[in-house]
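Notes to accompany the following structure.
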Amino acid sequence: MTRMNEHSEVKSLLPWFLNGTLDEHEQARLTEHLGRCEECQDDARKMVRMARMFSPQAGQDEIRSATRRASADFVATLHLQGTRTRARWRPGRTVTVVVMLLMLGIGISVMWPRTDLYRTLGTTPTDMQGEVVQIVFSSDASEKSIREVLLANDNKVLSGPTRQGVYRVALGAGQRVEIVIARLQNHPDVIFAEHEMSP
């Protein structure tokens, strides 16, 4: 086996070597190669640092610090390759860099704090809702009557009806909650109307 083929094969087996899942023969062969190859030793150290970075114990600051270091290393490598008169393409190194960047991206996406993971089209952020009223209609109310009440004065339906028949409605601009509630409670098709208090 040529040195280049052996070198390339060792780089492709490094992740399994580091997690101890190779058979004895391959483990011994990689150990022997790593004993004499500084480039593969460097790749192994980088993979160990990457694995530590994504361990459950790794904190957010460690991830940011490692990301900065990895980015700086990557930019420095690109800069060095750009200054050479003739850069040599190394498939093993390219694969290693791509795998490391993918692992970094996955790690960041897993560790990144998320808000508003899921919203329906009818969901309105609370800071944009204004005053909210809960309304329940009688079972014999017509669809036309319900629609007229819900959409009167530029109201916006936030949700509903729930299983209990409750509609949540954001009042249009300039409406006073007390007046709207009184009007709804006097409407023949409304059996419940109440102002929804903010949590």
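Ligands are numbered from 1 in the order shown, chains are lettered A, B, ... in the order of the structure tokens, and residues start at 1 in each chain.
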Tell me, as number ranges by chain, which residues lie within 12 Å of Thr31 in chain A, counting only C-alpha atoms; anything in the same chain fewer than 2 positions away does not count. A: 10, 13-14, 17-18, 20, 22, 24-29, 33-37, 40-41, 44
Preceding selection exported with C-alpha atoms as a PDB file, in the first residue's frame:
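What ended up in result_31.pdb:
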```pdb
ATOM      1  CA  VAL A  10      -5.904   6.235   8.336  1.00  0.00           C
ATOM      2  CA  LEU A  13     -10.659   5.564  10.144  1.00  0.00           C
ATOM      3  CA  LEU A  14      -9.628   8.120  12.798  1.00  0.00           C
ATOM      4  CA  PHE A  17     -10.008   4.648  16.207  1.00  0.00           C
ATOM      5  CA  LEU A  18     -10.698   7.429  18.722  1.00  0.00           C
ATOM      6  CA  GLY A  20     -12.358   2.418  20.188  1.00  0.00           C
ATOM      7  CA  LEU A  22     -11.956  -0.772  15.370  1.00  0.00           C
ATOM      8  CA  GLU A  24      -7.498  -5.247  17.063  1.00  0.00           C
ATOM      9  CA  HIS A  25      -5.637  -5.422  13.737  1.00  0.00           C
ATOM     10  CA  GLU A  26      -6.873  -2.026  12.511  1.00  0.00           C
ATOM     11  CA  GLN A  27      -6.365  -0.481  15.968  1.00  0.00           C
ATOM     12  CA  ALA A  28      -2.712  -1.672  16.000  1.00  0.00           C
ATOM     13  CA  ARG A  29      -2.125  -0.456  12.420  1.00  0.00           C
ATOM     14  CA  HIS A  33       0.853   4.999  11.821  1.00  0.00           C
ATOM     15  CA  LEU A  34       0.010   7.702  14.374  1.00  0.00           C
ATOM     16  CA  GLY A  35       3.337   7.019  16.098  1.00  0.00           C
ATOM     17  CA  ARG A  36       5.205   8.226  13.022  1.00  0.00           C
ATOM     18  CA  CYS A  37       2.831  10.654  11.265  1.00  0.00           C
ATOM     19  CA  CYS A  40      -2.462  12.400  11.462  1.00  0.00           C
ATOM     20  CA  GLN A  41      -1.561  13.084  15.109  1.00  0.00           C
ATOM     21  CA  ALA A  44      -6.527  13.091  15.897  1.00  0.00           C
TER      22      ALA A  44
END
```
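Our summary of the geometry notes that CA of Gly174 in chain A is positioned 21.2 Å from CA of Ser159 in chain A.
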From the set A:Gln134, A:Ile179, A:Ser12, A:Gly105, which residue has the shortest atom-to-atom contact distance to Leu158 in chain A, counting only C-alpha atoms?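 When distances to Leu158 in chain A are compared using only C-alpha atoms, the smallest one comes from A:Gln134.
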Nearest candidate to Ser142 in chain A (options A:Asp189, A:Val180, A:Ser8, A:Leu171; using only C-alpha atoms):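 Closest residue, counting only C-alpha atoms: A:Asp189.
Here CA of Leu30 in chain A stands at a distance of 9.4 Å from CA of Glu9 in chain A.
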Nearest to Glu194 in chain A by atom-to-atom distance, counting only C-alpha atoms, from A:Arg93, A:Val99, A:Thr21, A:Val136: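 Going through A:Arg93, A:Val99, A:Thr21, A:Val136 one by one, the smallest distance to Glu194 in chain A is for A:Val136.
Here CA of Gly172 in chain A and CA of Ser139 in chain A stand 25.7 Å from one another.
Of the listed residues (A:Gln185, A:Glu6, A:Val177, A:Asp43), A:Asp43 comes nearest to Val95 in chain A; the distances count only C-alpha atoms.
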When you look at Gln164 in chain A with a cut-off of 12 Å (counting only C-alpha atoms), what residues show up, excluding the ones that are within fewer than 2 positions of it in the same chain? I need them as a list in words. Gln134, Ile135, Val136, Phe137, Ser138, Ser139, Gly160, Pro161, Thr162, Val166, Tyr167, Arg168 and Phe192 of chain A
Take the residues just selected and output them with N, CA and C atoms as a compact mmCIF listing (two decimals), in the first residue's frame.
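Output (result02.txt):
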```txt
# COMPACT_ATOMS: atom_id res chain seq x y z
N GLN A 134 -62.49 36.85 25.51
CA GLN A 134 -62.92 35.47 25.26
C GLN A 134 -64.44 35.48 25.10
N ILE A 135 -64.90 34.78 24.04
CA ILE A 135 -66.33 34.78 23.72
C ILE A 135 -66.80 33.35 23.49
N VAL A 136 -68.00 33.04 24.03
CA VAL A 136 -68.65 31.75 23.77
C VAL A 136 -70.05 32.06 23.24
N PHE A 137 -70.41 31.39 22.14
CA PHE A 137 -71.72 31.62 21.51
C PHE A 137 -72.68 30.50 21.88
N SER A 138 -73.96 30.80 21.81
CA SER A 138 -74.97 29.77 22.07
C SER A 138 -74.92 28.75 20.93
N SER A 139 -75.40 27.56 21.21
CA SER A 139 -75.32 26.48 20.22
C SER A 139 -76.20 26.73 19.00
N GLY A 160 -59.66 29.68 18.20
CA GLY A 160 -60.99 29.21 18.49
C GLY A 160 -61.72 28.72 17.26
N PRO A 161 -62.79 28.04 17.48
CA PRO A 161 -63.29 27.71 18.81
C PRO A 161 -62.53 26.54 19.43
N THR A 162 -62.36 26.59 20.75
CA THR A 162 -61.76 25.46 21.46
C THR A 162 -62.82 24.37 21.60
N VAL A 166 -64.78 28.28 22.97
CA VAL A 166 -64.25 29.61 23.30
C VAL A 166 -63.45 30.16 22.11
N TYR A 167 -63.77 31.40 21.76
CA TYR A 167 -63.00 32.14 20.76
C TYR A 167 -62.18 33.18 21.51
N ARG A 168 -60.91 33.36 21.11
CA ARG A 168 -60.08 34.44 21.64
C ARG A 168 -59.98 35.50 20.55
N PHE A 192 -71.29 33.96 26.83
CA PHE A 192 -70.16 34.29 27.72
C PHE A 192 -69.26 35.27 27.01
```
